[in-house]
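Student: Sharing a structure with you now.
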Amino acid sequence: MQRTHTCGELNAEKAGERVVLAGWVHHSRHHGGVLFVDLRDRYGRTQVTFRPESKQLFDRAEKLAHEDVIKIEGTVTVRPPEALNPEMPTGDIEVIAETLEILSKAKTPPFVIEDEVNASEETRLRYRYLDLRRPEMRDALLLRSRITQIAREYLTGLGFVDIETATLVRSTPEGARDFLVPSRKHKGKFYALPQSPQIYKQLLMIAGFDRYFQFARCYRDEDLRADRQLEFTQIDIEMSFVDEEDVLSMSEGLIARLIGEIEGVVLPLPLPRISFDDAILRYGTDKPDLRFGLEIADISESATQSGFNVFSSAVEKGGAVRAICAPGGATVSRKEIDELTAKAQKLGAKGLAHAKFENGELTGGVSKFFNENEKNSYLEILKPDNGSLILFVADSADICARVLGALRIELAKRLELIDETKWEAHFIVDFPMFERDEETGRLVARHHPFTQPIAEDIPLLKTDPMAVRARAYDLVLNGEEIAGGSIRTHDPETLRKVLAAVDLSQKSINEKFGFLIEALQFGAPPHGGIAFGYDRMVMLLAGRKSIRDVIAFPKTTAAQSLMDGTPNEVAEEQLAELGIKIIEDK
């Protein structure tokens with residue numbers, strides 16, 4: 001055996017035992033002529049002591065460097081009372097070394113293998129295998145593994161079957177750009193890497209598997225940010241003979257189990273359901289953080305006759321006037337208000353109005369333009385506490401929501417209104433079926449085109465598609481969307497109508513989705529499901545700010561792997577074999 005124990009399990013009960021340990025040299029230090037070496041593996045650290053009486057052994061141990069890989073044999077000894085270390089699980093013992101074998105010498109690492117490290121993220125990603133030795137990074141991946149086990153146990157306990165689906169698939173329009181894989185056997189044709197297993201899990205329901213799940217790898221060629229990667233993992237779930245409540249009940253049970261076992265917090269069930277329209281009106285987003293208040297108030301009706309022309313003219317033009325009232329915000333400085341105004345303008349607002357509520361009066365900012373009736377009306381709606389800051393936006397309803405939704409989060413952070421120890425989850429329901437693509441103006445499915453429309457709205461697919469509602473839902477945890485799903489269309493004719501509504505011709509529908517439509521004609525059960533954004537969920541449970549911290553080998557925001565130089569050029573011979581020629585960018 002290479003070792004008898006790990007570096008995290010020895011204690012006083014093992015005193016007197018002869019053991020073999022192996023791991024990395026974490027620290028070494030001289031003290032009173034004795035050499036102490038902290039030996040580390042993924043389970044913990046153990047202090048190994050080298051005594052000067054064994055001169056040859058001591059001399060070799062003195063030459064050990066940080067991150068050398070060694071194996072030692074020795075006897076477990078209880079430390080004297082003054083040397084106990086309550087900070088370490090193994091802090092009541094040490095191992096007196098009798099042999100030392102150097103398994104591997106290490107170069108000096110580019111940063112110290114500790115939680116508190118000054119290295120840039122770029123350096124850490126360049127040496128990711130070293131970064132993962134650091135305790136906080138190691139613990140994040142161990143937590144990820146534990147979450148996987150809990151989720152698998154929960155789903156298999158409910159009768160779900162774990163089935164892998166294809167990763168070389170047909171390219172279909174699902175929102176983001178596909179990653180394409182050229183076919184050597186069929187030159188000029190391509191596979192795509194799946195953006196999700198959506199169609200395949202529906203085919204599994206048609207096949208009669210009833211309850212499916214998969215930890216699915218997904219790929220989307222899109223711009224990156226802290227909570228987005230080119231390749232990511234979903235817990236993909238599908239169920240037959242269900243309605244929305246069946247899927248939501250299963251989903252909230254899973255997140256409650258995870259938070260209960262990982263955080264020791266009981267999540268009250270059932271989770272609240274908030275309609276999409278209500279979420280946008282009250283919080284300015286379809287993934288609101290409800291750990292704090294700061295709800296958006298609509299004061300449009302009171303602003304119709306406002307003495308402030310910006311308000312009255314916005315309502316006159318069919319827009320809205322909305323506001324948020326931040327308790328304690330009166331302490332916000334003029335400079336900070338200017339920063340908030342700049343942010344509002346960046347998000348599309350023409351400007352940002354403000355006032356403060358102090359000693360029972362609206363003061364400062366635009367309050368000088370309000371008459372008494374107007375002031376009283378606003379105060380009745382906003383109900384501010386003394387010392388509050390009120391921010392107003394007068395614009396289209398969409399811009400009011402977007403701007404105040406972002407400022408709501410910004411103010412909550414600045415005023416420290418967010419309880420970071422709290423876990424708050426809810427569902428967003430009653431989504432619109434379609435939205436307009438901001439770049440092209442084209443109608444696109446808000447979730448995906450396989451979502452079933454509300455039955456009474458199906459006739460509107462031709463006449464007024466933007467009024468069509470979807471049987472779709474999202475799960476939001478602490479202001480992050482961690483899951484999304486829907487009841488699917490199992491009627492082939494309805495699916496054709498939905499695809500036609502997003503400007504696909506019948507020929508294009510047959511080319512891209514003909515195999516699914518044909519499958520639906522062979523007896524498809526009503527079915528629905530949900531997909532959990534696994535990396536994002538682990539990020540939240542690990543208390544991290546970026547999903548890069550919970551993925552073993554992530555890409556940078558420039559879509560590169562600094563460690564192995566991905567993406568890289570390939571040989572001309574490989575390209576020729578695939579029938580591909582690189583066209584230089586002019």
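Residue numbering restarts at 1 in every chain; chains get A, B, ... in the order shown in the structure tokens, and ligands count up from 1 in that same order.
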From a DSSP pass on the backbone, collect the residues of range 286-321 of chain A flagged as strand (DSSP E) and hand them back as an NGL selection string.

Tutor: :A and (297-298 or 320-321)

Student: Quick one: residues within 9 Å of Ile337 in chain A, only C-alpha atoms, excluding same-chain residues fewer than 4 positions away - as a VMD selection string?

Tutor: chain A and resid 332 to 333 341 to 342 352 354

Student: Return as a PyMOL selection string the full set of residues in range 330-497 of chain A whose backbone-based DSSP assignment is alpha helix (DSSP H).

Tutor: chain A and resi 334-346+372-382+397-414+460-463+492-497

Student: May I ask for the distance between CA of Ala406 in chain A and CA of Ala326 in chain A, given in Å to one decimal place?

Tutor: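 Computed distance, CA of Ala406 in chain A to CA of Ala326 in chain A, equals 13.5 Å.
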
Student: Within 9 Å of Asn386 in chain A, counting only C-alpha atoms, which residues show up once you throw out same-chain ones fewer than 4 positions away? Write them as a PyMOL selection string, please.

Tutor: chain A and resi 327-328+330+356-361

Student: Hey, which of A:Asp221, A:Asp178, A:Glu416, A:Asp398 ends up closest to Gly284 in chain A? Count only C-alpha atoms.

Tutor: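 Checking each of A:Asp221, A:Asp178, A:Glu416, A:Asp398 against Gly284 in chain A, counting only C-alpha atoms, the winner is A:Asp398.
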
Student: Within 12 Å of Pro182 in chain A, counting only C-alpha atoms, which residues qualify if same-chain residues fewer than 2 places away don't, as a PyMOL selection string?

Tutor: chain A and resi 168-171+179-180+184-193+574-581

Student: Sorted by chain and rising residue number, list the residues of range 120-203 of chain A at most 12 Å from range 481-490 of chain A (counting only C-alpha atoms), each with its closest atom pair and distance in Å to one decimal, as JSON lines.

Tutor:
```
{"residue": "A:Ser196", "atom": "CA", "partner": "A:Gly485", "partner_atom": "CA", "distance": 11.8}
{"residue": "A:Gln198", "atom": "CA", "partner": "A:Arg488", "partner_atom": "CA", "distance": 10.0}
{"residue": "A:Ile199", "atom": "CA", "partner": "A:Arg488", "partner_atom": "CA", "distance": 10.2}
{"residue": "A:Lys201", "atom": "CA", "partner": "A:Arg488", "partner_atom": "CA", "distance": 10.8}
{"residue": "A:Gln202", "atom": "CA", "partner": "A:Arg488", "partner_atom": "CA", "distance": 8.1}
{"residue": "A:Leu203", "atom": "CA", "partner": "A:His490", "partner_atom": "CA", "distance": 10.4}
```

Student: For Lys422 in chain A, which residue among A:Glu584, A:Asp338, A:Asp289, A:Glu238 is the nearest when counting only C-alpha atoms?

Tutor: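 Looking at the shortest contact to Lys422 in chain A, the residue is A:Asp289.
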
Student: Tell me which of A:Leu57, A:Leu142, A:Leu204, A:Ala500 sits closest to Val444 in chain A, counting only C-alpha atoms.

Tutor: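 Closest candidate: A:Ala500.
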
Student: Counting only C-alpha atoms, what are the residues of range 121-195 of chain A within 10 Å of range 530-550 of chain A, and for each of them which pair of atoms is the nearest and at what distance in Å, to one decimal? Sort the table by chain and rising number, as CSV.

Tutor:
```
residue,atom,partner,partner_atom,distance
A:Leu125,CA,A:Arg548,CA,9.5
A:Leu132,CA,A:Asp549,CA,9.5
A:Glu136,CA,A:Asp549,CA,9.2
A:Met137,CA,A:Asp549,CA,6.8
A:Arg138,CA,A:Val550,CA,9.3
A:Asp139,CA,A:Ala542,CA,8.7
A:Ala140,CA,A:Val550,CA,5.6
A:Leu141,CA,A:Val550,CA,5.9
A:Leu142,CA,A:Val550,CA,9.4
A:Leu143,CA,A:Ala542,CA,7.2
A:Arg144,CA,A:Val538,CA,6.1
A:Ser145,CA,A:Val538,CA,9.7
A:Ile147,CA,A:Val538,CA,7.5
A:Thr148,CA,A:Tyr534,CA,9.0
```
